[in-house]
>>> print(open('entry-v2.pdb').read())   # PDB, C-alpha atoms, pLDDT in the B column
MODEL        1
ATOM      1  CA  MET A  41      -0.485 -13.314   3.138  1.00 48.00           C
ATOM      2  CA  LYS A  42      -1.467 -16.180   5.403  1.00 58.00           C
ATOM      3  CA  ASN A  43      -4.711 -16.256   7.339  1.00 65.00           C
ATOM      4  CA  LEU A  44      -4.584 -15.360  11.011  1.00 65.00           C
ATOM      5  CA  THR A  45      -5.764 -18.894  11.778  1.00 66.00           C
ATOM      6  CA  ASP A  46      -2.545 -20.277  10.271  1.00 72.00           C
ATOM      7  CA  LYS A  47      -0.664 -18.983  13.329  1.00 80.00           C
ATOM      8  CA  PHE A  48      -2.613 -21.107  15.804  1.00 86.00           C
ATOM      9  CA  PRO A  49      -2.847 -24.874  16.328  1.00 90.00           C
ATOM     10  CA  PRO A  50      -6.060 -26.571  15.199  1.00 91.00           C
ATOM     11  CA  LEU A  51      -8.974 -26.679  17.650  1.00 93.00           C
ATOM     12  CA  THR A  52      -9.370 -29.740  19.803  1.00 95.00           C
ATOM     13  CA  PRO A  53     -12.598 -31.756  19.556  1.00 96.00           C
ATOM     14  CA  ALA A  54     -13.648 -30.306  22.923  1.00 97.00           C
ATOM     15  CA  GLN A  55     -13.117 -26.728  21.669  1.00 96.00           C
ATOM     16  CA  GLN A  56     -15.003 -27.483  18.463  1.00 96.00           C
ATOM     17  CA  GLY A  57     -17.877 -28.908  20.534  1.00 96.00           C
ATOM     18  CA  GLU A  58     -17.999 -25.775  22.700  1.00 95.00           C
ATOM     19  CA  ILE A  59     -18.086 -23.523  19.627  1.00 95.00           C
ATOM     20  CA  SER A  60     -20.879 -25.608  18.097  1.00 96.00           C
ATOM     21  CA  ALA A  61     -22.888 -25.358  21.322  1.00 94.00           C
ATOM     22  CA  LEU A  62     -22.430 -21.572  21.414  1.00 92.00           C
ATOM     23  CA  GLN A  63     -23.457 -21.227  17.774  1.00 94.00           C
ATOM     24  CA  ALA A  64     -26.622 -23.242  18.435  1.00 95.00           C
ATOM     25  CA  MET A  65     -27.562 -21.120  21.479  1.00 93.00           C
ATOM     26  CA  PRO A  66     -30.477 -18.713  20.808  1.00 94.00           C
ATOM     27  CA  ASP A  67     -29.767 -15.027  21.473  1.00 91.00           C
ATOM     28  CA  GLU A  68     -32.515 -14.901  24.113  1.00 92.00           C
ATOM     29  CA  SER A  69     -30.541 -17.253  26.347  1.00 92.00           C
ATOM     30  CA  ILE A  70     -27.454 -14.992  26.507  1.00 87.00           C
ATOM     31  CA  ASP A  71     -26.978 -13.477  29.978  1.00 89.00           C
ATOM     32  CA  TYR A  72     -26.163  -9.760  29.673  1.00 88.00           C
ATOM     33  CA  SER A  73     -26.510  -9.003  33.388  1.00 90.00           C
ATOM     34  CA  ASP A  74     -22.773  -8.403  33.864  1.00 93.00           C
ATOM     35  CA  ILE A  75     -22.655  -5.766  31.100  1.00 92.00           C
ATOM     36  CA  PRO A  76     -23.527  -2.220  32.236  1.00 89.00           C
ATOM     37  CA  PRO A  77     -26.110  -0.337  30.149  1.00 87.00           C
ATOM     38  CA  LEU A  78     -24.837   2.294  27.712  1.00 88.00           C
ATOM     39  CA  THR A  79     -25.782   5.803  28.842  1.00 89.00           C
ATOM     40  CA  GLU A  80     -26.006   9.077  26.916  1.00 90.00           C
ATOM     41  CA  GLU A  81     -22.737  10.096  28.584  1.00 89.00           C
ATOM     42  CA  PHE A  82     -21.046   7.065  27.046  1.00 88.00           C
ATOM     43  CA  TRP A  83     -22.174   8.052  23.545  1.00 88.00           C
ATOM     44  CA  GLN A  84     -21.105  11.684  24.046  1.00 88.00           C
ATOM     45  CA  ASN A  85     -17.537  10.503  24.687  1.00 83.00           C
ATOM     46  CA  ALA A  86     -17.528   7.734  22.087  1.00 85.00           C
ATOM     47  CA  THR A  87     -15.094   7.845  19.176  1.00 83.00           C
ATOM     48  CA  ARG A  88     -14.928   5.866  15.973  1.00 80.00           C
ATOM     49  CA  ASN A  89     -12.323   3.135  16.056  1.00 80.00           C
ATOM     50  CA  ARG A  90      -9.313   5.274  16.905  1.00 74.00           C
ATOM     51  CA  PHE A  91      -7.015   2.292  16.380  1.00 78.00           C
ATOM     52  CA  ALA A  92      -8.093   1.624  12.795  1.00 78.00           C
ATOM     53  CA  LYS A  93      -5.454   2.385  10.206  1.00 78.00           C
ATOM     54  CA  LYS A  94      -6.320   5.036   7.684  1.00 79.00           C
ATOM     55  CA  ALA A  95      -6.536   3.785   4.129  1.00 83.00           C
ATOM     56  CA  LYS A  96      -3.358   4.431   2.170  1.00 87.00           C
ATOM     57  CA  LYS A  97      -3.313   5.058  -1.550  1.00 89.00           C
ATOM     58  CA  THR A  98      -0.341   4.882  -3.867  1.00 92.00           C
ATOM     59  CA  ALA A  99       0.460   7.983  -5.929  1.00 92.00           C
ATOM     60  CA  ASN A 100       3.275   8.939  -8.253  1.00 94.00           C
ATOM     61  CA  VAL A 101       4.546  12.342  -7.157  1.00 93.00           C
ATOM     62  CA  ARG A 102       7.547  14.340  -8.318  1.00 95.00           C
ATOM     63  CA  PHE A 103       9.718  16.103  -5.716  1.00 94.00           C
ATOM     64  CA  ASP A 104      12.804  18.227  -6.017  1.00 96.00           C
ATOM     65  CA  ALA A 105      15.824  15.951  -5.638  1.00 96.00           C
ATOM     66  CA  ASP A 106      17.177  17.823  -2.599  1.00 96.00           C
ATOM     67  CA  VAL A 107      13.817  17.620  -0.791  1.00 94.00           C
ATOM     68  CA  LEU A 108      13.568  13.882  -1.318  1.00 94.00           C
ATOM     69  CA  GLN A 109      17.208  13.405  -0.319  1.00 95.00           C
ATOM     70  CA  TRP A 110      16.612  15.396   2.900  1.00 93.00           C
ATOM     71  CA  LEU A 111      13.537  13.314   3.763  1.00 92.00           C
ATOM     72  CA  LYS A 112      15.301  10.013   3.165  1.00 93.00           C
ATOM     73  CA  LYS A 113      18.466  11.072   5.004  1.00 94.00           C
ATOM     74  CA  SER A 114      16.760  12.673   8.013  1.00 92.00           C
ATOM     75  CA  LYS A 115      13.920  10.185   8.483  1.00 89.00           C
ATOM     76  CA  GLY A 116      15.395   7.007   7.045  1.00 90.00           C
ATOM     77  CA  LYS A 117      12.985   4.171   6.402  1.00 91.00           C
ATOM     78  CA  GLY A 118      10.044   6.192   7.776  1.00 90.00           C
ATOM     79  CA  TYR A 119      10.433   9.090   5.360  1.00 93.00           C
ATOM     80  CA  GLN A 120       7.100   8.377   3.624  1.00 93.00           C
ATOM     81  CA  ASN A 121       5.237   8.399   6.952  1.00 91.00           C
ATOM     82  CA  HIS A 122       6.960  11.660   7.866  1.00 93.00           C
ATOM     83  CA  LEU A 123       6.025  13.190   4.517  1.00 93.00           C
ATOM     84  CA  ASN A 124       2.421  12.110   5.112  1.00 93.00           C
ATOM     85  CA  ALA A 125       2.488  13.750   8.563  1.00 92.00           C
ATOM     86  CA  ILE A 126       3.781  17.021   7.056  1.00 94.00           C
ATOM     87  CA  LEU A 127       1.062  17.018   4.409  1.00 94.00           C
ATOM     88  CA  ARG A 128      -1.645  16.115   6.950  1.00 92.00           C
ATOM     89  CA  SER A 129      -0.573  18.978   9.209  1.00 94.00           C
ATOM     90  CA  GLU A 130      -0.790  21.446   6.320  1.00 95.00           C
ATOM     91  CA  MET A 131      -4.152  20.026   5.256  1.00 94.00           C
ATOM     92  CA  GLN A 132      -5.542  20.466   8.782  1.00 93.00           C
ATOM     93  CA  LYS A 133      -4.237  24.064   8.986  1.00 95.00           C
ATOM     94  CA  GLU A 134      -5.909  24.904   5.693  1.00 93.00           C
ATOM     95  CA  PHE A 135      -9.145  23.216   6.757  1.00 88.00           C
ATOM     96  CA  GLU A 136      -9.203  25.204  10.027  1.00 90.00           C
ATOM     97  CA  LEU A 137      -8.709  28.465   8.134  1.00 89.00           C
ATOM     98  CA  GLN A 138     -11.611  27.676   5.819  1.00 89.00           C
ATOM     99  CA  HIS A 139     -14.032  26.641   8.561  1.00 79.00           C
TER     100      HIS A 139
ENDMDL
END
>>> encode(input="entry-v2.pdb", output="structure tokens")
Amino acid sequence: MKNLTDKFPPLTPAQQGEISALQAMPDESIDYSDIPPLTEEFWQNATRNRFAKKAKKTANVRFDADVLQWLKKSKGKGYQNHLNAILRSEMQKEFELQH
């Protein structure tokens, strides 16, 4: 897989100079006045990166042929994601019953 930087043109000398100047700037000279302070209310509503993808792990699993055929036929290319959603739903139901 290519690096993200491969998708962009190289930096100009002016851009490189600006980055160097920013890197050399001490933290004390950064102006934070336009950033509102974080309140307790903010932290009460905060969530962990809701856009982060959950880690996937490969597993060899055996299914009845008709079950796998139904998944592939009804969900097409996304059948593995659908299977994961079914299993997650059942896992959450079981967790709620136990707690």
>>> atom_distance(input="entry-v2.pdb", atom1="atom CA of Gln132 of chain A", atom2="atom CA of Gly118 of chain A")
21.2 Å
>>> atom_distance(input="entry-v2.pdb", atom1="atom CA of Pro76 of chain A", atom2="atom CA of Glu58 of chain A")
26.0 Å
>>> atom_distance(input="entry-v2.pdb", atom1="atom CA of Asn100 of chain A", atom2="atom CA of Leu123 of chain A")
13.7 Å
>>> build_atoms(input="entry-v2.pdb", residues="segment 46-79 of chain A", atoms="N, CA and C atoms", output="PDB file, in the frame of the given file")
ATOM      1  N   ASP A  46      -3.732 -19.472  10.544  1.00 72.00           N
ATOM      2  CA  ASP A  46      -2.545 -20.277  10.271  1.00 72.00           C
ATOM      3  C   ASP A  46      -1.520 -20.194  11.402  1.00 72.00           C
ATOM      4  N   LYS A  47      -1.629 -19.185  12.249  1.00 80.00           N
ATOM      5  CA  LYS A  47      -0.664 -18.983  13.329  1.00 80.00           C
ATOM      6  C   LYS A  47      -0.985 -19.811  14.574  1.00 80.00           C
ATOM      7  N   PHE A  48      -2.176 -20.396  14.621  1.00 86.00           N
ATOM      8  CA  PHE A  48      -2.613 -21.107  15.804  1.00 86.00           C
ATOM      9  C   PHE A  48      -2.780 -22.597  15.509  1.00 86.00           C
ATOM     10  N   PRO A  49      -2.626 -23.434  16.534  1.00 90.00           N
ATOM     11  CA  PRO A  49      -2.847 -24.874  16.328  1.00 90.00           C
ATOM     12  C   PRO A  49      -4.330 -25.140  16.070  1.00 90.00           C
ATOM     13  N   PRO A  50      -4.653 -26.258  15.449  1.00 91.00           N
ATOM     14  CA  PRO A  50      -6.060 -26.571  15.199  1.00 91.00           C
ATOM     15  C   PRO A  50      -6.819 -26.758  16.513  1.00 91.00           C
ATOM     16  N   LEU A  51      -8.135 -26.517  16.457  1.00 93.00           N
ATOM     17  CA  LEU A  51      -8.974 -26.679  17.650  1.00 93.00           C
ATOM     18  C   LEU A  51      -9.087 -28.146  18.023  1.00 93.00           C
ATOM     19  N   THR A  52      -9.158 -28.376  19.311  1.00 95.00           N
ATOM     20  CA  THR A  52      -9.370 -29.740  19.803  1.00 95.00           C
ATOM     21  C   THR A  52     -10.844 -30.101  19.606  1.00 95.00           C
ATOM     22  N   PRO A  53     -11.183 -31.380  19.644  1.00 96.00           N
ATOM     23  CA  PRO A  53     -12.598 -31.756  19.556  1.00 96.00           C
ATOM     24  C   PRO A  53     -13.456 -31.102  20.644  1.00 96.00           C
ATOM     25  N   ALA A  54     -12.904 -30.949  21.836  1.00 97.00           N
ATOM     26  CA  ALA A  54     -13.648 -30.306  22.923  1.00 97.00           C
ATOM     27  C   ALA A  54     -13.928 -28.837  22.594  1.00 97.00           C
ATOM     28  N   GLN A  55     -12.935 -28.136  22.046  1.00 96.00           N
ATOM     29  CA  GLN A  55     -13.117 -26.728  21.669  1.00 96.00           C
ATOM     30  C   GLN A  55     -14.135 -26.602  20.539  1.00 96.00           C
ATOM     31  N   GLN A  56     -14.046 -27.503  19.568  1.00 96.00           N
ATOM     32  CA  GLN A  56     -15.003 -27.483  18.463  1.00 96.00           C
ATOM     33  C   GLN A  56     -16.427 -27.722  18.974  1.00 96.00           C
ATOM     34  N   GLY A  57     -16.574 -28.638  19.935  1.00 96.00           N
ATOM     35  CA  GLY A  57     -17.877 -28.908  20.534  1.00 96.00           C
ATOM     36  C   GLY A  57     -18.427 -27.690  21.260  1.00 96.00           C
ATOM     37  N   GLU A  58     -17.566 -26.972  21.981  1.00 95.00           N
ATOM     38  CA  GLU A  58     -17.999 -25.775  22.700  1.00 95.00           C
ATOM     39  C   GLU A  58     -18.453 -24.688  21.725  1.00 95.00           C
ATOM     40  N   ILE A  59     -17.708 -24.521  20.638  1.00 95.00           N
ATOM     41  CA  ILE A  59     -18.086 -23.523  19.627  1.00 95.00           C
ATOM     42  C   ILE A  59     -19.421 -23.897  18.992  1.00 95.00           C
ATOM     43  N   SER A  60     -19.603 -25.161  18.689  1.00 96.00           N
ATOM     44  CA  SER A  60     -20.879 -25.608  18.097  1.00 96.00           C
ATOM     45  C   SER A  60     -22.043 -25.338  19.047  1.00 96.00           C
ATOM     46  N   ALA A  61     -21.835 -25.596  20.331  1.00 94.00           N
ATOM     47  CA  ALA A  61     -22.888 -25.358  21.322  1.00 94.00           C
ATOM     48  C   ALA A  61     -23.217 -23.868  21.413  1.00 94.00           C
ATOM     49  N   LEU A  62     -22.204 -23.020  21.360  1.00 92.00           N
ATOM     50  CA  LEU A  62     -22.430 -21.572  21.414  1.00 92.00           C
ATOM     51  C   LEU A  62     -23.156 -21.086  20.165  1.00 92.00           C
ATOM     52  N   GLN A  63     -22.797 -21.627  19.016  1.00 94.00           N
ATOM     53  CA  GLN A  63     -23.457 -21.227  17.774  1.00 94.00           C
ATOM     54  C   GLN A  63     -24.930 -21.635  17.777  1.00 94.00           C
ATOM     55  N   ALA A  64     -25.248 -22.749  18.406  1.00 95.00           N
ATOM     56  CA  ALA A  64     -26.622 -23.242  18.435  1.00 95.00           C
ATOM     57  C   ALA A  64     -27.476 -22.515  19.474  1.00 95.00           C
ATOM     58  N   MET A  65     -26.849 -21.788  20.399  1.00 93.00           N
ATOM     59  CA  MET A  65     -27.562 -21.120  21.479  1.00 93.00           C
ATOM     60  C   MET A  65     -28.382 -19.945  20.923  1.00 93.00           C
ATOM     61  N   PRO A  66     -29.674 -19.859  21.255  1.00 94.00           N
ATOM     62  CA  PRO A  66     -30.477 -18.713  20.808  1.00 94.00           C
ATOM     63  C   PRO A  66     -30.052 -17.442  21.543  1.00 94.00           C
ATOM     64  N   ASP A  67     -30.178 -16.303  20.885  1.00 91.00           N
ATOM     65  CA  ASP A  67     -29.767 -15.027  21.473  1.00 91.00           C
ATOM     66  C   ASP A  67     -30.481 -14.744  22.791  1.00 91.00           C
ATOM     67  N   GLU A  68     -31.737 -15.180  22.908  1.00 92.00           N
ATOM     68  CA  GLU A  68     -32.515 -14.901  24.113  1.00 92.00           C
ATOM     69  C   GLU A  68     -31.911 -15.544  25.355  1.00 92.00           C
ATOM     70  N   SER A  69     -31.100 -16.566  25.189  1.00 92.00           N
ATOM     71  CA  SER A  69     -30.541 -17.253  26.347  1.00 92.00           C
ATOM     72  C   SER A  69     -29.184 -16.675  26.786  1.00 92.00           C
ATOM     73  N   ILE A  70     -28.723 -15.625  26.121  1.00 87.00           N
ATOM     74  CA  ILE A  70     -27.454 -14.992  26.507  1.00 87.00           C
ATOM     75  C   ILE A  70     -27.688 -14.105  27.718  1.00 87.00           C
ATOM     76  N   ASP A  71     -26.860 -14.255  28.740  1.00 89.00           N
ATOM     77  CA  ASP A  71     -26.978 -13.477  29.978  1.00 89.00           C
ATOM     78  C   ASP A  71     -26.148 -12.200  29.838  1.00 89.00           C
ATOM     79  N   TYR A  72     -26.824 -11.059  29.791  1.00 88.00           N
ATOM     80  CA  TYR A  72     -26.163  -9.760  29.673  1.00 88.00           C
ATOM     81  C   TYR A  72     -26.076  -9.026  31.005  1.00 88.00           C
ATOM     82  N   SER A  73     -26.406  -9.684  32.099  1.00 90.00           N
ATOM     83  CA  SER A  73     -26.510  -9.003  33.388  1.00 90.00           C
ATOM     84  C   SER A  73     -25.183  -8.420  33.884  1.00 90.00           C
ATOM     85  N   ASP A  74     -24.059  -8.922  33.412  1.00 93.00           N
ATOM     86  CA  ASP A  74     -22.773  -8.403  33.864  1.00 93.00           C
ATOM     87  C   ASP A  74     -22.261  -7.266  32.981  1.00 93.00           C
ATOM     88  N   ILE A  75     -23.051  -6.851  31.999  1.00 92.00           N
ATOM     89  CA  ILE A  75     -22.655  -5.766  31.100  1.00 92.00           C
ATOM     90  C   ILE A  75     -23.451  -4.519  31.483  1.00 92.00           C
ATOM     91  N   PRO A  76     -22.784  -3.421  31.848  1.00 89.00           N
ATOM     92  CA  PRO A  76     -23.527  -2.220  32.236  1.00 89.00           C
ATOM     93  C   PRO A  76     -24.246  -1.616  31.027  1.00 89.00           C
ATOM     94  N   PRO A  77     -25.389  -0.958  31.256  1.00 87.00           N
ATOM     95  CA  PRO A  77     -26.110  -0.337  30.149  1.00 87.00           C
ATOM     96  C   PRO A  77     -25.320   0.857  29.602  1.00 87.00           C
ATOM     97  N   LEU A  78     -25.510   1.153  28.332  1.00 88.00           N
ATOM     98  CA  LEU A  78     -24.837   2.294  27.712  1.00 88.00           C
ATOM     99  C   LEU A  78     -25.682   3.536  27.927  1.00 88.00           C
ATOM    100  N   THR A  79     -25.075   4.564  28.529  1.00 89.00           N
ATOM    101  CA  THR A  79     -25.782   5.803  28.842  1.00 89.00           C
ATOM    102  C   THR A  79     -25.515   6.850  27.774  1.00 89.00           C
TER     103      THR A  79
END
